[in-house]
Every structure is written in C-alpha cells, then in structure tokens.
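> Before I ask anything, let me first share the structure, which is written out below as structure tokens.
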Amino acid sequence: SRRVFDFLAGTGFKEDLDDVFARIEATLKRKDFADVRNLDRKIYDVNEAPHIYKERLEDVNDITTALLREERLRVRHDSVGSGKTAFVIEPLTLLIYKKGVYLVANSLHHDALRTFALDGFREVEWRRRDRFDYPSEYHPSQISEGAFGLFGGKRERIRVFFDEKVARFVRRRKWHPSQRIRNADGGIILTMNVAPSVEVITWVLGFGDKARVLEPAQLRTEIAAELRRAAAHYG
C-alpha cells in the first residue's frame, strides 16, 4: 500500500499516509514483523510515469481544507487563460488517475463542472468562510461516465481491429464497461461506446500497426493524420 502512493511525495498526502503507517507498525506484534520482512521487495509497484509534485504542499493543504469545509477557492490554472486568469471554483472531489491528482470542481467561470490537474494550478487561494452547498445530486462517477479514462464527451460507437499478435493481450483486459469482443479474420474486433477523446487516440496509437480503427470515420481521419505527422519526423 505504501508503494502505491509513493507518487504523492511532495503533496502532504504522503507525509500523512506515512504517519498512519507508522502508527500501524507500532501496534504490530513481534511475530508480525517477521511476516512482513522484505515486503517492500516482495510486493513492488511498477506503473506509468508518476506526476512530479515538488513544492505543492501549501496548495494541497488549501485545496483539501476548502474541500472538507465546503468553501470556495480562488485559483489560476494553465487550462484557463494560460494560467493568467483568476477565477473561483467550488471543490467537489479529489481524483487519483494514472499516478496523478486531479480536482473536480464547479467552476463559476465556466458555469459547469471541470476537472483540473493538480500540477496545472499556478495560484491557489482558500477563501475562508466563503461557503457553498455541496450538491446532493452530484457523484464522482458522473465525471468519467461515457469516457475512456477520465475525460468524457458525447459517446460514439468505436470499433477497433487488433492483429492476432496482440489479440490475447487485448482480450485479457477490461478497457471499458461497454466493450464487446468478437473474432475476426486475422485477429479480433473490439467495440465500445465511448467519447472519441485524445485518450482513445493515444491508446490506439500505442498498439502501432497492430491496431486499426474501423469506425467512426472522424476518428480514423484523426489517427491517420497523427501517424503522418509522426512519420514525418523520421523522414
């Protein structure tokens, strides 16, 4: 469990978690210590590159305090005016996604729910006693509904052919709740109903020439253009 959260180093969360684990260790009996010897080498977390959160402790403290107290934040973020525009948000949920921390908030600037990457904040000001009513109809599952990953949009039927060389790998994973897989000549076809986002594009590109989008046509066009641009770098 400790290793899973190593990527939170520098945020304040890691220090709090280490304190919790230290108290747990203090209650272990002598025989339990023998059982967990070398556990950090017996169970090891290998995953995608974690985000880097150096010197974010003060921002994280303000965000989590405002979140718990249901009070607003005044922020600047890279996604709005290249980080130069200040705006007010109502923090709703901290999300952990692919070794990164994100804040779901009601943005008064957008008049909508928005998801902000923690490392994109350029300024965070906790507005003490500026309370808001936490929405009773809201649930974090709404954020990723219809999404392939974290960022959603309008759902479309997406069909991807995978070469038999990667078919076994694809079959063994649940990429999305809506997925269906059937055999095809020389491989398999995976069908799912998701928003054709950048996350879908990068996922398909990750399989190289072993994956081919069959539909929708716009997604095929975007991936083809991306491949042409990439190939141009290599002459």
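By convention in this document, the chains of the structure tokens carry letters A, B, ... by their order, each chain's residues are numbered from 1, and ligands are numbered from 1 in the order they are shown.
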With a cut-off of 6 Å, could you pull out the residues of stretch 102-162 of chain A touching stretch 81-93 of chain A and give me the nearest pair of atoms for each, distance in Å to one decimal, using only C-alpha atoms, ordered by chain and ascending number, as JSON lines?

```
{"residue": "A:Leu103", "atom": "CA", "partner": "A:Thr93", "partner_atom": "CA", "distance": 5.8}
{"residue": "A:Val104", "atom": "CA", "partner": "A:Thr93", "partner_atom": "CA", "distance": 5.0}
{"residue": "A:Ala105", "atom": "CA", "partner": "A:Pro91", "partner_atom": "CA", "distance": 4.3}
{"residue": "A:Asn106", "atom": "CA", "partner": "A:Glu90", "partner_atom": "CA", "distance": 5.0}
{"residue": "A:Ser107", "atom": "CA", "partner": "A:Ile89", "partner_atom": "CA", "distance": 4.5}
{"residue": "A:Leu108", "atom": "CA", "partner": "A:Val88", "partner_atom": "CA", "distance": 5.8}
{"residue": "A:His109", "atom": "CA", "partner": "A:Phe87", "partner_atom": "CA", "distance": 5.9}
```
> With only C-alpha atoms as the counted atoms, please give the residues lying no more than 10 Å from A:Leu94, apart from itself and same-chain residues fewer than 3 positions off, as a PyMOL selection string.
chain A and resi 63-64+67+91+97+101-105+115-118+140
> Could you write out that same residue set with C-alpha atoms as a compact mmCIF listing (two decimals), in the first residue's frame?

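New file result.txt:
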```txt
# COMPACT_ATOMS: atom_id res chain seq x y z
CA ILE A 63 -7.37 22.65 -1.60
CA THR A 64 -8.08 19.81 0.84
CA LEU A 67 -12.81 20.71 0.04
CA PRO A 91 -14.09 21.95 -4.92
CA TYR A 97 -5.86 8.87 -12.10
CA VAL A 101 -4.05 14.03 -8.70
CA TYR A 102 -6.99 15.94 -10.17
CA LEU A 103 -9.59 18.24 -8.63
CA VAL A 104 -13.20 18.12 -9.78
CA ALA A 105 -14.83 21.45 -9.11
CA THR A 115 -11.57 18.62 -13.89
CA PHE A 116 -8.25 20.35 -13.11
CA ALA A 117 -4.84 18.67 -12.93
CA LEU A 118 -3.11 19.48 -9.65
CA PRO A 140 -17.86 11.49 -8.88
```
> Let me make sure I understand: among A:Lys54, A:Arg74, A:Glu25, A:Lys98, which one has the smallest atom-to-atom distance to A:Phe5 if we use only C-alpha atoms?
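So, comparing all the options, the nearest one is A:Lys98.
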> Determine which residues of stretch 155-231 of chain A receive a DSSP assignment of helix (DSSP H, G or I), computed from the backbone, and state them as a ChimeraX atom specification.
/A:164-171,198-205,208-210,217-231
> Taking only C-alpha atoms into account, which of A:Asp209, A:Asp40, A:Glu15, A:Glu222 comes nearest A:Lys165?
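For A:Lys165, the nearest of the given residues is A:Asp209.
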> Do you know which residues are at most 7 Å from stretch 175-192 of chain A counting only C-alpha atoms, after dropping those on the same chain fewer than 5 positions away, and could you put them as a list in words?
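In the requested form, the answer reads Phe148, Arg157, Ile158, Arg159, Val160, Phe161, Phe162, Asp163, Glu164 and Ala167 of chain A.
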> Export N, CA, C and O atoms of the chosen residues as a short mmCIF file (atom, residue, chain, number, x, y, z; two decimals), in the first residue's frame?

```cif
data_model
loop_
_atom_site.label_atom_id
_atom_site.label_comp_id
_atom_site.auth_asym_id
_atom_site.auth_seq_id
_atom_site.Cartn_x
_atom_site.Cartn_y
_atom_site.Cartn_z
N PHE A 148 -13.39 7.16 -21.93
CA PHE A 148 -12.38 6.12 -21.98
C PHE A 148 -11.21 6.64 -21.14
O PHE A 148 -10.25 7.21 -21.66
N ARG A 157 -20.07 4.93 -31.15
CA ARG A 157 -19.64 3.54 -31.28
C ARG A 157 -18.25 3.53 -31.93
O ARG A 157 -18.06 4.07 -33.01
N ILE A 158 -17.31 2.90 -31.21
CA ILE A 158 -15.94 2.80 -31.71
C ILE A 158 -15.61 1.34 -31.92
O ILE A 158 -15.81 0.51 -31.02
N ARG A 159 -15.11 1.01 -33.11
CA ARG A 159 -14.72 -0.36 -33.44
C ARG A 159 -13.26 -0.35 -33.85
O ARG A 159 -12.85 0.43 -34.70
N VAL A 160 -12.49 -1.23 -33.21
CA VAL A 160 -11.05 -1.31 -33.48
C VAL A 160 -10.67 -2.76 -33.77
O VAL A 160 -11.02 -3.66 -33.01
N PHE A 161 -9.97 -2.95 -34.87
CA PHE A 161 -9.44 -4.28 -35.20
C PHE A 161 -8.05 -4.40 -34.60
O PHE A 161 -7.21 -3.51 -34.73
N PHE A 162 -7.80 -5.53 -33.92
CA PHE A 162 -6.49 -5.81 -33.35
C PHE A 162 -5.92 -7.07 -34.00
O PHE A 162 -6.60 -8.10 -34.09
N ASP A 163 -4.68 -6.97 -34.44
CA ASP A 163 -3.98 -8.09 -35.04
C ASP A 163 -3.86 -9.24 -34.04
O ASP A 163 -3.83 -9.03 -32.82
N GLU A 164 -3.82 -10.47 -34.55
CA GLU A 164 -3.74 -11.64 -33.69
C GLU A 164 -2.51 -11.62 -32.78
O GLU A 164 -2.50 -12.28 -31.73
N ALA A 167 -3.95 -9.79 -29.87
CA ALA A 167 -5.33 -10.15 -29.51
C ALA A 167 -5.42 -10.73 -28.10
O ALA A 167 -6.34 -10.40 -27.34
#
```
> Would you list the contacts of A:Thr65 as a list in words, taking every protein, DNA or RNA residue within 10 Å and counting only C-alpha atoms, but skipping same-chain residues closer than 5 positions in sequence?
Asp59, Val60, Glu70, Glu71, Pro91, Trp126 and Arg128 of chain A
> Counting only C-alpha atoms, figure out which residue out of A:Gly100, A:Ala225, A:Glu125, A:Ile143 gets nearest to A:Leu113.
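With only C-alpha atoms as the atom set, the closest residue is A:Ile143.
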> So that I can check the surroundings of A:Thr11, please list as an MDAnalysis selection string every protein, DNA and RNA residue that reaches within 9 Å of it, counting only C-alpha atoms and ignoring chain neighbours fewer than 2 positions away.
chainID A and resid 8:9 13:15 53:61
> Near A:Glu145, counting only C-alpha atoms, which residues have an atom at most 12 Å away, once you skip same-chain residues fewer than 3 positions from it, shown as a PyMOL selection string?
chain A and resi 139-142+148-155+176-178+193-195
> For N, CA, C and O atoms, I'd like the residues from the last selection saved as a compact mmCIF listing (two decimals), in the first residue's frame.

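File part.txt, as written:
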```txt
# COMPACT_ATOMS: atom_id res chain seq x y z
N HIS A 139 -22.29 13.04 -8.03
CA HIS A 139 -21.47 11.89 -7.63
C HIS A 139 -20.26 11.84 -8.57
O HIS A 139 -20.38 12.11 -9.77
N PRO A 140 -19.07 11.50 -8.04
CA PRO A 140 -17.86 11.49 -8.88
C PRO A 140 -17.95 10.61 -10.11
O PRO A 140 -17.25 10.85 -11.11
N SER A 141 -18.79 9.57 -10.07
CA SER A 141 -18.90 8.67 -11.22
C SER A 141 -19.41 9.41 -12.46
O SER A 141 -19.19 8.96 -13.59
N GLN A 142 -20.08 10.55 -12.26
CA GLN A 142 -20.58 11.33 -13.38
C GLN A 142 -19.43 11.86 -14.24
O GLN A 142 -19.58 12.06 -15.45
N PHE A 148 -13.39 7.16 -21.93
CA PHE A 148 -12.38 6.12 -21.98
C PHE A 148 -11.21 6.64 -21.14
O PHE A 148 -10.25 7.21 -21.66
N GLY A 149 -11.35 6.50 -19.83
CA GLY A 149 -10.39 7.11 -18.92
C GLY A 149 -11.07 8.17 -18.09
O GLY A 149 -12.13 7.93 -17.51
N LEU A 150 -10.53 9.38 -18.09
CA LEU A 150 -11.03 10.42 -17.20
C LEU A 150 -11.90 11.46 -17.92
O LEU A 150 -12.85 11.97 -17.37
N PHE A 151 -11.55 11.77 -19.15
CA PHE A 151 -12.20 12.90 -19.82
C PHE A 151 -13.25 12.41 -20.79
O PHE A 151 -12.98 11.62 -21.69
N GLY A 152 -14.48 12.90 -20.60
CA GLY A 152 -15.62 12.39 -21.34
C GLY A 152 -16.02 13.24 -22.52
O GLY A 152 -15.25 14.02 -23.06
N GLY A 153 -17.27 13.10 -22.91
CA GLY A 153 -17.82 13.79 -24.07
C GLY A 153 -18.98 12.97 -24.61
O GLY A 153 -19.46 12.04 -23.96
N LYS A 154 -19.40 13.30 -25.81
CA LYS A 154 -20.51 12.58 -26.43
C LYS A 154 -20.06 11.19 -26.85
O LYS A 154 -19.05 11.03 -27.54
N ARG A 155 -20.82 10.18 -26.47
CA ARG A 155 -20.46 8.80 -26.80
C ARG A 155 -20.69 8.50 -28.28
O ARG A 155 -21.63 9.00 -28.89
N HIS A 176 -13.19 -1.02 -21.03
CA HIS A 176 -14.35 -0.17 -20.76
C HIS A 176 -15.55 -1.08 -20.48
O HIS A 176 -15.65 -2.17 -21.06
N PRO A 177 -16.47 -0.65 -19.59
CA PRO A 177 -17.63 -1.50 -19.27
C PRO A 177 -18.48 -1.87 -20.48
O PRO A 177 -19.15 -2.91 -20.48
N SER A 178 -18.49 -1.04 -21.51
CA SER A 178 -19.35 -1.29 -22.67
C SER A 178 -18.69 -2.18 -23.73
O SER A 178 -19.31 -2.47 -24.75
N ASN A 193 -18.75 1.86 -26.58
CA ASN A 193 -19.44 3.15 -26.72
C ASN A 193 -18.81 4.16 -25.77
O ASN A 193 -19.09 4.16 -24.56
N VAL A 194 -17.93 4.98 -26.31
CA VAL A 194 -17.19 5.96 -25.52
C VAL A 194 -17.02 7.24 -26.31
O VAL A 194 -17.24 7.27 -27.53
N ALA A 195 -16.61 8.30 -25.61
CA ALA A 195 -16.26 9.54 -26.29
C ALA A 195 -14.92 9.35 -27.00
O ALA A 195 -13.97 8.88 -26.39
```
> Atom CA of A:Tyr138 and atom CA of A:Ile96 are how many Å apart?
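These atoms are spaced 18.0 Å apart.
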